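Shown below: entry-v9.pdb, with PDB, C-alpha atoms.
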```pdb
ATOM      1  CA  MET A   1     -12.141  16.259  24.605
ATOM      2  CA  HIS A   2     -11.445  14.892  21.126
ATOM      3  CA  GLN A   3     -12.422  11.432  19.851
ATOM      4  CA  GLY A   4      -9.140   9.787  20.807
ATOM      5  CA  GLU A   5      -9.465  11.021  24.385
ATOM      6  CA  TYR A   6     -13.083   9.890  24.444
ATOM      7  CA  LEU A   7     -12.024   6.433  23.192
ATOM      8  CA  LYS A   8      -9.490   6.225  26.009
ATOM      9  CA  LYS A   9     -12.224   7.039  28.539
ATOM     10  CA  VAL A  10     -14.638   4.479  27.061
ATOM     11  CA  LEU A  11     -12.038   1.705  27.024
ATOM     12  CA  ARG A  12     -10.986   2.505  30.578
ATOM     13  CA  ASN A  13     -14.606   2.086  31.700
ATOM     14  CA  SER A  14     -15.214  -1.050  29.651
ATOM     15  CA  GLY A  15     -13.864  -3.426  32.282
ATOM     16  CA  LYS A  16     -11.378  -4.883  29.785
ATOM     17  CA  SER A  17      -7.629  -4.456  29.680
ATOM     18  CA  ILE A  18      -5.913  -2.925  26.651
ATOM     19  CA  SER A  19      -4.299  -6.306  26.013
ATOM     20  CA  GLU A  20      -7.700  -8.016  25.912
ATOM     21  CA  ILE A  21      -9.115  -5.338  23.616
ATOM     22  CA  ALA A  22      -6.065  -5.546  21.340
ATOM     23  CA  GLN A  23      -6.476  -9.306  21.013
ATOM     24  CA  SER A  24     -10.220  -9.081  20.328
ATOM     25  CA  THR A  25     -10.000  -6.270  17.768
ATOM     26  CA  GLU A  26      -6.713  -7.361  16.154
ATOM     27  CA  ILE A  27      -5.425  -3.824  16.710
ATOM     28  CA  SER A  28      -2.004  -3.843  18.350
ATOM     29  CA  ARG A  29      -1.586  -2.306  21.823
ATOM     30  CA  ALA A  30       0.796   0.282  20.371
ATOM     31  CA  ASN A  31      -1.750   1.371  17.774
ATOM     32  CA  ILE A  32      -4.536   1.616  20.346
ATOM     33  CA  TYR A  33      -2.383   4.047  22.332
ATOM     34  CA  LEU A  34      -1.759   6.002  19.104
ATOM     35  CA  LEU A  35      -5.518   6.207  18.542
ATOM     36  CA  PHE A  36      -5.874   7.892  21.937
ATOM     37  CA  LYS A  37      -3.951  10.857  20.472
ATOM     38  CA  ARG A  38      -6.095  11.245  17.353
ATOM     39  CA  LYS A  39      -8.624  14.059  17.206
ATOM     40  CA  LYS A  40     -10.848  12.093  14.828
ATOM     41  CA  LEU A  41     -11.188   8.310  14.567
ATOM     42  CA  ASP A  42     -11.432   6.491  11.260
ATOM     43  CA  ASP A  43     -14.601   4.448  10.685
ATOM     44  CA  TYR A  44     -12.357   1.403  10.200
ATOM     45  CA  TYR A  45     -11.385   1.433  13.890
ATOM     46  CA  ILE A  46     -14.804   2.474  15.148
ATOM     47  CA  ASP A  47     -16.227  -0.617  13.416
ATOM     48  CA  LYS A  48     -13.598  -2.858  15.001
ATOM     49  CA  PHE A  49     -14.479  -1.632  18.497
ATOM     50  CA  ARG A  50     -18.179  -1.944  17.725
ATOM     51  CA  ARG A  51     -17.741  -5.619  16.839
ATOM     52  CA  ILE A  52     -16.578  -6.408  20.376
ATOM     53  CA  GLY A  53     -19.427  -4.484  21.998
ATOM     54  CA  ILE A  54     -17.786  -1.081  22.411
ATOM     55  CA  ASP A  55     -20.150   1.331  20.690
ATOM     56  CA  LEU A  56     -18.694   4.741  19.875
ATOM     57  CA  ASP A  57     -21.715   5.909  17.902
ATOM     58  CA  ASN A  58     -23.246   7.290  21.100
ATOM     59  CA  ILE A  59     -20.623  10.018  21.398
ATOM     60  CA  LYS A  60     -22.468  13.147  22.502
ATOM     61  CA  SER A  61     -21.782  16.448  20.799
ATOM     62  CA  LYS A  62     -18.813  18.044  22.495
ATOM     63  CA  GLU A  63     -16.182  20.542  21.510
ATOM     64  CA  GLY A  64     -13.632  18.784  19.344
ATOM     65  CA  ILE A  65     -15.840  15.716  18.861
ATOM     66  CA  VAL A  66     -17.234  14.934  15.437
ATOM     67  CA  LYS A  67     -19.885  12.268  15.654
ATOM     68  CA  GLU A  68     -19.686   9.760  12.813
ATOM     69  CA  PRO A  69     -23.140   8.539  11.746
ATOM     70  CA  LYS A  70     -23.722   4.833  11.359
ATOM     71  CA  PRO A  71     -23.028   3.757   7.782
ATOM     72  CA  SER A  72     -26.096   3.844   5.579
ATOM     73  CA  TYR A  73     -25.807   2.362   2.129
ATOM     74  CA  HIS A  74     -29.402   2.883   1.029
ATOM     75  CA  ASP A  75     -29.554   5.241  -1.941
ATOM     76  CA  GLU A  76     -25.825   5.951  -1.639
ATOM     77  CA  GLN A  77     -23.939   6.597  -4.829
ATOM     78  CA  ASP A  78     -21.683   3.673  -5.694
ATOM     79  CA  VAL A  79     -17.957   4.428  -5.641
ATOM     80  CA  PRO A  80     -15.942   2.236  -8.030
ATOM     81  CA  ILE A  81     -12.622   0.942  -6.693
ATOM     82  CA  PRO A  82      -9.914   0.248  -9.292
ATOM     83  CA  PHE A  83      -8.753  -3.387  -9.262
ATOM     84  CA  TYR A  84      -5.195  -4.062 -10.371
ATOM     85  CA  GLU A  85      -4.521  -7.564 -11.661
ATOM     86  CA  ALA A  86      -0.833  -7.257 -10.712
ATOM     87  CA  ASN A  87      -0.193  -9.421  -7.648
ATOM     88  CA  VAL A  88       1.003  -7.748  -4.479
ATOM     89  CA  THR A  89       4.209  -9.772  -4.416
ATOM     90  CA  GLY A  90       5.489  -8.726  -7.841
ATOM     91  CA  GLY A  91       4.919  -6.791 -11.011
ATOM     92  CA  ASN A  92       5.136  -3.178 -12.090
ATOM     93  CA  VAL A  93       2.750  -1.515  -9.665
ATOM     94  CA  THR A  94       4.358   1.884  -9.203
ATOM     95  CA  ASN A  95       1.235   3.593 -10.559
ATOM     96  CA  PHE A  96      -1.254   2.204  -8.035
ATOM     97  CA  GLY A  97      -3.987   4.768  -7.662
ATOM     98  CA  GLU A  98      -2.191   7.312  -9.843
ATOM     99  CA  GLN A  99      -3.389   6.357 -13.316
ATOM    100  CA  ILE A 100      -6.887   4.945 -13.519
ATOM    101  CA  LYS A 101      -6.193   3.604 -17.011
ATOM    102  CA  ASN A 102      -3.859   1.011 -15.499
ATOM    103  CA  ALA A 103      -6.724  -0.655 -13.628
ATOM    104  CA  SER A 104      -7.872  -4.033 -14.938
ATOM    105  CA  TYR A 105     -11.457  -3.203 -14.012
ATOM    106  CA  PHE A 106     -13.485  -1.602 -11.217
ATOM    107  CA  LEU A 107     -15.218  -3.081  -8.185
ATOM    108  CA  THR A 108     -18.173  -1.666  -6.275
ATOM    109  CA  ILE A 109     -18.014  -2.940  -2.687
ATOM    110  CA  PRO A 110     -20.279  -1.773   0.180
ATOM    111  CA  HIS A 111     -18.500  -0.502   3.317
ATOM    112  CA  PHE A 112     -15.276   0.379   1.451
ATOM    113  CA  LYS A 113     -16.147   3.789  -0.019
ATOM    114  CA  ASP A 114     -12.960   5.410   1.314
ATOM    115  CA  CYS A 115     -10.676   2.827  -0.296
ATOM    116  CA  HIS A 116      -8.498   3.518  -3.317
ATOM    117  CA  ILE A 117      -7.308   0.182  -4.724
ATOM    118  CA  ALA A 118      -7.994  -3.544  -4.740
ATOM    119  CA  VAL A 119      -5.241  -6.056  -5.559
ATOM    120  CA  ARG A 120      -4.839  -9.826  -5.602
ATOM    121  CA  VAL A 121      -2.708 -11.696  -3.058
ATOM    122  CA  ASN A 122      -0.048 -14.002  -4.452
ATOM    123  CA  GLY A 123       1.830 -16.524  -2.320
ATOM    124  CA  HIS A 124       1.601 -17.805   1.226
ATOM    125  CA  SER A 125       3.685 -15.399   3.310
ATOM    126  CA  MET A 126       0.559 -13.890   4.922
ATOM    127  CA  TYR A 127      -1.287 -17.192   5.425
ATOM    128  CA  PRO A 128      -3.628 -17.791   7.248
ATOM    129  CA  LYS A 129      -4.585 -14.093   7.500
ATOM    130  CA  TYR A 130      -4.585 -13.677   3.712
ATOM    131  CA  CYS A 131      -4.571 -16.598   1.297
ATOM    132  CA  ASN A 132      -3.247 -16.972  -2.214
ATOM    133  CA  GLY A 133      -5.846 -15.530  -4.614
ATOM    134  CA  ASP A 134      -7.659 -13.346  -2.055
ATOM    135  CA  ILE A 135      -8.355  -9.752  -3.046
ATOM    136  CA  VAL A 136      -7.394  -7.069  -0.527
ATOM    137  CA  VAL A 137      -9.133  -3.683  -0.514
ATOM    138  CA  CYS A 138      -6.894  -0.836   0.599
ATOM    139  CA  LYS A 139      -6.839   2.813   1.584
ATOM    140  CA  LYS A 140      -3.890   4.978   0.568
ATOM    141  CA  ILE A 141      -1.833   6.495   3.397
ATOM    142  CA  ASN A 142      -0.597   9.834   2.105
ATOM    143  CA  ASP A 143       1.318  10.835   5.234
ATOM    144  CA  HIS A 144       3.689   8.020   6.199
ATOM    145  CA  ALA A 145       4.036   9.532   9.658
ATOM    146  CA  HIS A 146       0.524   8.172  10.290
ATOM    147  CA  ILE A 147       1.318   4.554   9.438
ATOM    148  CA  LEU A 148      -0.188   2.288  12.083
ATOM    149  CA  TYR A 149       2.567  -0.136  12.962
ATOM    150  CA  GLY A 150       1.571  -3.765  13.261
ATOM    151  CA  GLU A 151      -1.328  -3.438  10.814
ATOM    152  CA  PRO A 152      -1.289  -5.092   7.354
ATOM    153  CA  HIS A 153      -0.302  -2.806   4.476
ATOM    154  CA  VAL A 154       0.524  -3.079   0.805
ATOM    155  CA  VAL A 155       3.985  -1.535   0.423
ATOM    156  CA  VAL A 156       4.915  -0.358  -3.059
ATOM    157  CA  LEU A 157       8.596  -0.269  -4.074
ATOM    158  CA  ALA A 158      10.207   0.549  -7.411
ATOM    159  CA  ASP A 159      10.134  -2.988  -8.832
ATOM    160  CA  TYR A 160       7.561  -4.853  -6.786
ATOM    161  CA  SER A 161       4.997  -4.615  -4.010
ATOM    162  CA  VAL A 162       4.408  -6.692  -0.913
ATOM    163  CA  LEU A 163       1.611  -7.327   1.571
ATOM    164  CA  LYS A 164       3.150  -7.284   5.040
ATOM    165  CA  TYR A 165       2.813  -6.035   8.601
ATOM    166  CA  ILE A 166       4.843  -2.818   8.901
ATOM    167  CA  HIS A 167       7.011  -2.243  11.957
ATOM    168  CA  PRO A 168       9.688   0.318  12.774
ATOM    169  CA  HIS A 169      13.154  -1.177  12.392
ATOM    170  CA  PRO A 170      14.482  -2.139  15.844
ATOM    171  CA  THR A 171      17.877  -0.429  15.374
ATOM    172  CA  ASN A 172      17.717   1.826  12.302
ATOM    173  CA  LYS A 173      15.196   4.692  12.206
ATOM    174  CA  SER A 174      15.697   5.132   8.462
ATOM    175  CA  MET A 175      14.249   1.690   7.727
ATOM    176  CA  TYR A 176      11.058  -0.330   8.112
ATOM    177  CA  GLU A 177      10.835  -3.972   9.105
ATOM    178  CA  LEU A 178       8.219  -5.953   7.166
ATOM    179  CA  LYS A 179       6.848  -9.075   8.822
ATOM    180  CA  SER A 180       4.727 -11.936   7.525
ATOM    181  CA  ALA A 181       1.799 -13.691   9.187
ATOM    182  CA  ASN A 182       3.374 -17.011   8.191
ATOM    183  CA  GLU A 183       6.194 -17.750  10.640
ATOM    184  CA  LYS A 184       8.102 -19.649   7.947
ATOM    185  CA  PHE A 185       8.993 -16.323   6.316
ATOM    186  CA  GLU A 186      11.741 -14.160   7.815
ATOM    187  CA  PRO A 187      11.270 -10.407   8.372
ATOM    188  CA  VAL A 188      12.546  -8.114   5.627
ATOM    189  CA  SER A 189      14.179  -4.709   6.147
ATOM    190  CA  ILE A 190      13.679  -1.890   3.622
ATOM    191  CA  LYS A 191      14.744   1.747   3.484
ATOM    192  CA  ARG A 192      11.949   4.198   4.157
ATOM    193  CA  GLN A 193      13.141   6.391   1.295
ATOM    194  CA  ASP A 194      12.611   3.493  -1.139
ATOM    195  CA  VAL A 195       8.894   3.257  -0.353
ATOM    196  CA  LEU A 196       6.796   4.762  -3.157
ATOM    197  CA  GLY A 197       3.389   4.087  -1.641
ATOM    198  CA  VAL A 198       1.698   2.596   1.412
ATOM    199  CA  TYR A 199      -1.883   1.280   1.487
ATOM    200  CA  LEU A 200      -3.676   0.168   4.649
ATOM    201  CA  VAL A 201      -5.620  -3.058   4.142
ATOM    202  CA  ARG A 202      -9.239  -2.424   5.120
ATOM    203  CA  GLY A 203     -10.682  -5.818   4.169
ATOM    204  CA  LYS A 204     -10.523  -8.772   1.808
ATOM    205  CA  LEU A 205     -12.594 -10.765  -0.638
ATOM    206  CA  GLU A 206     -11.984 -14.482  -0.257
ATOM    207  CA  LEU A 207     -12.012 -17.048  -3.025
ATOM    208  CA  THR A 208     -14.783 -19.617  -2.664
TER     209      THR A 208
END
```
Just give me the structure of the file as C-alpha coordinates.
Amino acid sequence: MHQGEYLKKVLRNSGKSISEIAQSTEISRANIYLLFKRKKLDDYYIDKFRRIGIDLDNIKSKEGIVKEPKPSYHDEQDVPIPFYEANVTGGNVTNFGEQIKNASYFLTIPHFKDCHIAVRVNGHSMYPKYCNGDIVVCKKINDHAHILYGEPHVVVLADYSVLKYIHPHPTNKSMYELKSANEKFEPVSIKRQDVLGVYLVRGKLELT
(Lines of atoms letter the chains of each structure in order from A and count residues from 1; the text may use other names and numbers.)
(Lines give C-alpha, C1' and ligand atoms only; values in the text may rest on other atoms or scores of the structure.)
Protein backbone atom coordinates (compact mmCIF):
# COMPACT_ATOMS: atom_id res chain seq x y z
CA MET A 1 0.00 0.00 0.00
CA HIS A 2 1.57 3.29 -1.09
CA GLN A 3 0.82 6.72 0.41
CA GLY A 4 -1.92 7.57 -2.08
CA GLU A 5 -3.76 4.34 -1.29
CA TYR A 6 -3.29 4.98 2.42
CA LEU A 7 -4.72 8.51 1.99
CA LYS A 8 -7.76 7.03 0.27
CA LYS A 9 -8.28 4.65 3.21
CA VAL A 10 -7.89 7.44 5.79
CA LEU A 11 -10.32 9.75 4.01
CA ARG A 12 -12.84 6.95 3.60
CA ASN A 13 -12.75 6.37 7.36
CA SER A 14 -12.85 10.05 8.26
CA GLY A 15 -16.64 10.31 8.14
CA LYS A 16 -16.44 13.15 5.61
CA SER A 17 -17.33 13.09 1.94
CA ILE A 18 -14.73 13.91 -0.72
CA SER A 19 -16.76 17.01 -1.56
CA GLU A 20 -16.57 18.22 2.05
CA ILE A 21 -12.84 17.51 2.23
CA ALA A 22 -12.26 19.27 -1.10
CA GLN A 23 -14.08 22.37 0.14
CA SER A 24 -12.22 22.42 3.47
CA THR A 25 -8.75 21.87 2.00
CA GLU A 26 -9.25 23.91 -1.18
CA ILE A 27 -8.02 20.89 -3.15
CA SER A 28 -10.36 20.06 -6.01
CA ARG A 29 -12.19 16.71 -6.02
CA ALA A 30 -10.37 15.75 -9.22
CA ASN A 31 -6.97 16.40 -7.66
CA ILE A 32 -7.84 14.44 -4.52
CA TYR A 33 -8.60 11.42 -6.72
CA LEU A 34 -5.26 11.98 -8.49
CA LEU A 35 -3.50 11.97 -5.12
CA PHE A 36 -4.93 8.50 -4.45
CA LYS A 37 -2.73 7.24 -7.31
CA ARG A 38 0.51 8.78 -6.07
CA LYS A 39 3.08 6.56 -4.41
CA LYS A 40 4.43 9.46 -2.35
CA LEU A 41 2.53 12.54 -1.15
CA ASP A 42 4.01 16.02 -1.20
CA ASP A 43 4.27 17.79 2.16
CA TYR A 44 2.13 20.57 0.69
CA TYR A 45 -0.91 18.28 0.57
CA ILE A 46 -0.13 16.49 3.82
CA ASP A 47 -0.19 19.90 5.54
CA LYS A 48 -3.53 20.78 3.96
CA PHE A 49 -5.13 17.58 5.26
CA ARG A 50 -3.53 18.10 8.66
CA ARG A 51 -5.16 21.53 8.95
CA ILE A 52 -8.63 19.98 8.82
CA GLY A 53 -7.79 17.31 11.40
CA ILE A 54 -6.65 14.50 9.10
CA ASP A 55 -3.19 13.59 10.37
CA LEU A 56 -1.07 11.54 7.98
CA ASP A 57 2.06 11.72 10.11
CA ASN A 58 0.99 8.55 11.92
CA ILE A 59 1.50 6.39 8.84
CA LYS A 60 3.11 3.17 10.05
CA SER A 61 6.08 1.73 8.22
CA LYS A 62 4.78 -0.42 5.40
CA GLU A 63 6.12 -1.59 2.08
CA GLY A 64 5.87 1.28 -0.37
CA ILE A 65 5.16 3.84 2.36
CA VAL A 66 7.71 6.53 3.12
CA LYS A 67 6.85 8.31 6.32
CA GLU A 68 7.44 12.05 6.13
CA PRO A 69 8.64 13.48 9.46
CA LYS A 70 6.96 16.57 10.83
CA PRO A 71 8.77 19.69 9.65
CA SER A 72 11.46 20.85 12.04
CA TYR A 73 13.07 24.18 11.38
CA HIS A 74 15.36 24.28 14.40
CA ASP A 75 18.99 24.32 13.31
CA GLU A 76 17.97 23.78 9.68
CA GLN A 77 20.11 25.39 7.04
CA ASP A 78 18.32 28.33 5.44
CA VAL A 79 17.51 27.91 1.75
CA PRO A 80 17.35 31.22 -0.14
CA ILE A 81 14.52 31.57 -2.66
CA PRO A 82 15.17 33.89 -5.62
CA PHE A 83 12.66 36.75 -5.82
CA TYR A 84 11.93 38.16 -9.26
CA GLU A 85 10.63 41.73 -9.32
CA ALA A 86 8.90 41.09 -12.66
CA ASN A 87 5.15 40.87 -12.06
CA VAL A 88 3.38 37.64 -12.91
CA THR A 89 1.11 39.34 -15.43
CA GLY A 90 3.86 40.76 -17.64
CA GLY A 91 7.53 41.23 -18.28
CA ASN A 92 10.37 39.13 -19.60
CA VAL A 93 10.31 36.18 -17.23
CA THR A 94 11.43 33.34 -19.48
CA ASN A 95 14.45 32.71 -17.25
CA PHE A 96 12.57 32.05 -14.00
CA GLY A 97 14.67 29.68 -11.97
CA GLU A 98 17.20 29.19 -14.77
CA GLN A 99 19.61 32.05 -14.16
CA ILE A 100 20.08 33.08 -10.56
CA LYS A 101 21.67 36.36 -11.65
CA ASN A 102 18.27 37.54 -12.89
CA ALA A 103 16.84 37.50 -9.36
CA SER A 104 16.22 40.87 -7.74
CA TYR A 105 17.18 39.45 -4.35
CA PHE A 106 16.69 36.34 -2.22
CA LEU A 107 14.13 35.48 0.45
CA THR A 108 14.50 33.02 3.31
CA ILE A 109 11.03 31.75 4.26
CA PRO A 110 10.31 28.92 6.74
CA HIS A 111 8.14 26.05 5.44
CA PHE A 112 9.00 26.72 1.77
CA LYS A 113 12.36 24.96 1.43
CA ASP A 114 11.28 23.04 -1.68
CA CYS A 115 10.23 26.18 -3.56
CA HIS A 116 12.17 27.67 -6.45
CA ILE A 117 10.89 31.20 -7.06
CA ALA A 118 8.95 34.06 -5.50
CA VAL A 119 7.20 36.67 -7.67
CA ARG A 120 4.90 39.64 -7.13
CA VAL A 121 1.23 39.60 -8.12
CA ASN A 122 0.06 42.41 -10.38
CA GLY A 123 -3.61 43.12 -11.06
CA HIS A 124 -6.93 41.87 -9.75
CA SER A 125 -7.75 38.80 -11.85
CA MET A 126 -7.05 36.45 -8.92
CA TYR A 127 -8.76 38.59 -6.25
CA PRO A 128 -9.70 37.77 -3.49
CA LYS A 129 -7.42 34.70 -3.44
CA TYR A 130 -4.36 36.76 -4.38
CA CYS A 131 -4.27 40.55 -4.20
CA ASN A 132 -2.30 43.12 -6.13
CA GLY A 133 1.17 43.38 -4.56
CA ASP A 134 1.13 39.98 -2.82
CA ILE A 135 4.19 37.78 -3.27
CA VAL A 136 3.56 34.17 -4.28
CA VAL A 137 6.09 31.44 -3.47
CA CYS A 138 6.20 28.66 -6.03
CA LYS A 139 7.58 25.21 -6.76
CA LYS A 140 8.64 24.34 -10.30
CA ILE A 141 6.75 21.49 -12.00
CA ASN A 142 9.25 19.79 -14.27
CA ASP A 143 6.89 17.15 -15.63
CA HIS A 144 3.76 18.85 -16.97
CA ALA A 145 1.95 15.52 -16.91
CA HIS A 146 1.83 15.98 -13.12
CA ILE A 147 0.09 19.36 -13.17
CA LEU A 148 -2.71 19.36 -10.61
CA TYR A 149 -5.67 20.84 -12.42
CA GLY A 150 -7.69 23.41 -10.52
CA GLU A 151 -4.73 24.54 -8.41
CA PRO A 152 -3.13 28.00 -8.80
CA HIS A 153 0.02 28.10 -10.92
CA VAL A 154 2.33 30.67 -12.44
CA VAL A 155 2.39 29.90 -16.17
CA VAL A 156 5.36 31.24 -18.10
CA LEU A 157 4.98 32.01 -21.82
CA ALA A 158 7.41 33.57 -24.28
CA ASP A 159 6.43 37.20 -23.65
CA TYR A 160 4.66 37.21 -20.32
CA SER A 161 3.56 35.14 -17.35
CA VAL A 162 0.24 34.76 -15.60
CA LEU A 163 -1.07 33.53 -12.26
CA LYS A 164 -4.13 31.40 -12.96
CA TYR A 165 -5.94 28.17 -12.16
CA ILE A 166 -4.95 25.60 -14.80
CA HIS A 167 -7.60 23.35 -16.32
CA PRO A 168 -7.58 20.99 -19.30
CA HIS A 169 -9.29 22.58 -22.29
CA PRO A 170 -12.86 21.22 -22.55
CA THR A 171 -12.61 20.38 -26.27
CA ASN A 172 -8.96 20.56 -27.35
CA LYS A 173 -6.39 18.27 -25.70
CA SER A 174 -3.51 20.31 -27.10
CA MET A 175 -4.50 23.36 -25.05
CA TYR A 176 -4.93 24.51 -21.46
CA GLU A 177 -7.72 26.69 -20.13
CA LEU A 178 -6.58 29.30 -17.60
CA LYS A 179 -9.19 30.60 -15.18
CA SER A 180 -9.21 33.52 -12.76
CA ALA A 181 -10.52 33.67 -9.20
CA ASN A 182 -12.22 36.96 -10.09
CA GLU A 183 -15.39 36.14 -12.03
CA LYS A 184 -15.12 39.41 -13.96
CA PHE A 185 -12.25 37.91 -15.98
CA GLU A 186 -13.00 35.44 -18.77
CA PRO A 187 -11.07 32.16 -19.13
CA VAL A 188 -8.10 32.18 -21.50
CA SER A 189 -7.04 29.31 -23.76
CA ILE A 190 -3.35 28.69 -24.54
CA LYS A 191 -1.47 26.02 -26.46
CA ARG A 192 0.36 23.54 -24.28
CA GLN A 193 3.39 23.72 -26.57
CA ASP A 194 3.68 27.47 -25.89
CA VAL A 195 4.17 26.95 -22.15
CA LEU A 196 7.81 27.44 -21.16
CA GLY A 197 7.40 26.82 -17.44
CA VAL A 198 4.80 25.96 -14.81
CA TYR A 199 5.14 26.73 -11.09
CA LEU A 200 2.72 25.50 -8.43
CA VAL A 201 1.85 28.21 -5.91
CA ARG A 202 2.67 26.91 -2.44
CA GLY A 203 1.87 30.06 -0.45
CA LYS A 204 1.85 33.84 -0.39
CA LEU A 205 3.18 36.81 1.51
CA GLU A 206 0.53 39.49 1.93
CA LEU A 207 1.10 43.22 1.98
CA THR A 208 0.24 44.83 5.31
Residues within 12 Å of Glu186 in chain A, all atoms listed in the file, excluding chain neighbours under 3 positions, as an NGL selection string = :A and (125-126 or 164 or 177-183 or 189)
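When the PyMOL selection byres ((chain A and resi 81) around 6) is run on the displayed coordinates, the residues it returns are Pro80, Pro82, Phe106, Leu107, His116 and Ile117 of chain A.
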query = Got a sec to resolve the PyMOL selection byres ((chain A and resi 133-144) around 9) on this structure and send the residues as a PyMOL selection string?
reply = chain A and resi 81+83+87+97+112+114-123+130-132+145-147+153-154+197-207
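Reported to one decimal place, the separation of CA of Tyr149 in chain A from CA of Ile190 in chain A is 14.6 Å.
Shortest atom-to-atom contact with Ile109 in chain A among A:Ile21, A:Leu148, A:Val79, A:Met175: A:Val79, counting all atoms listed in the file.
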A straight line from CA of Pro168 in chain A to CA of Ile27 in chain A spans 16.2 Å
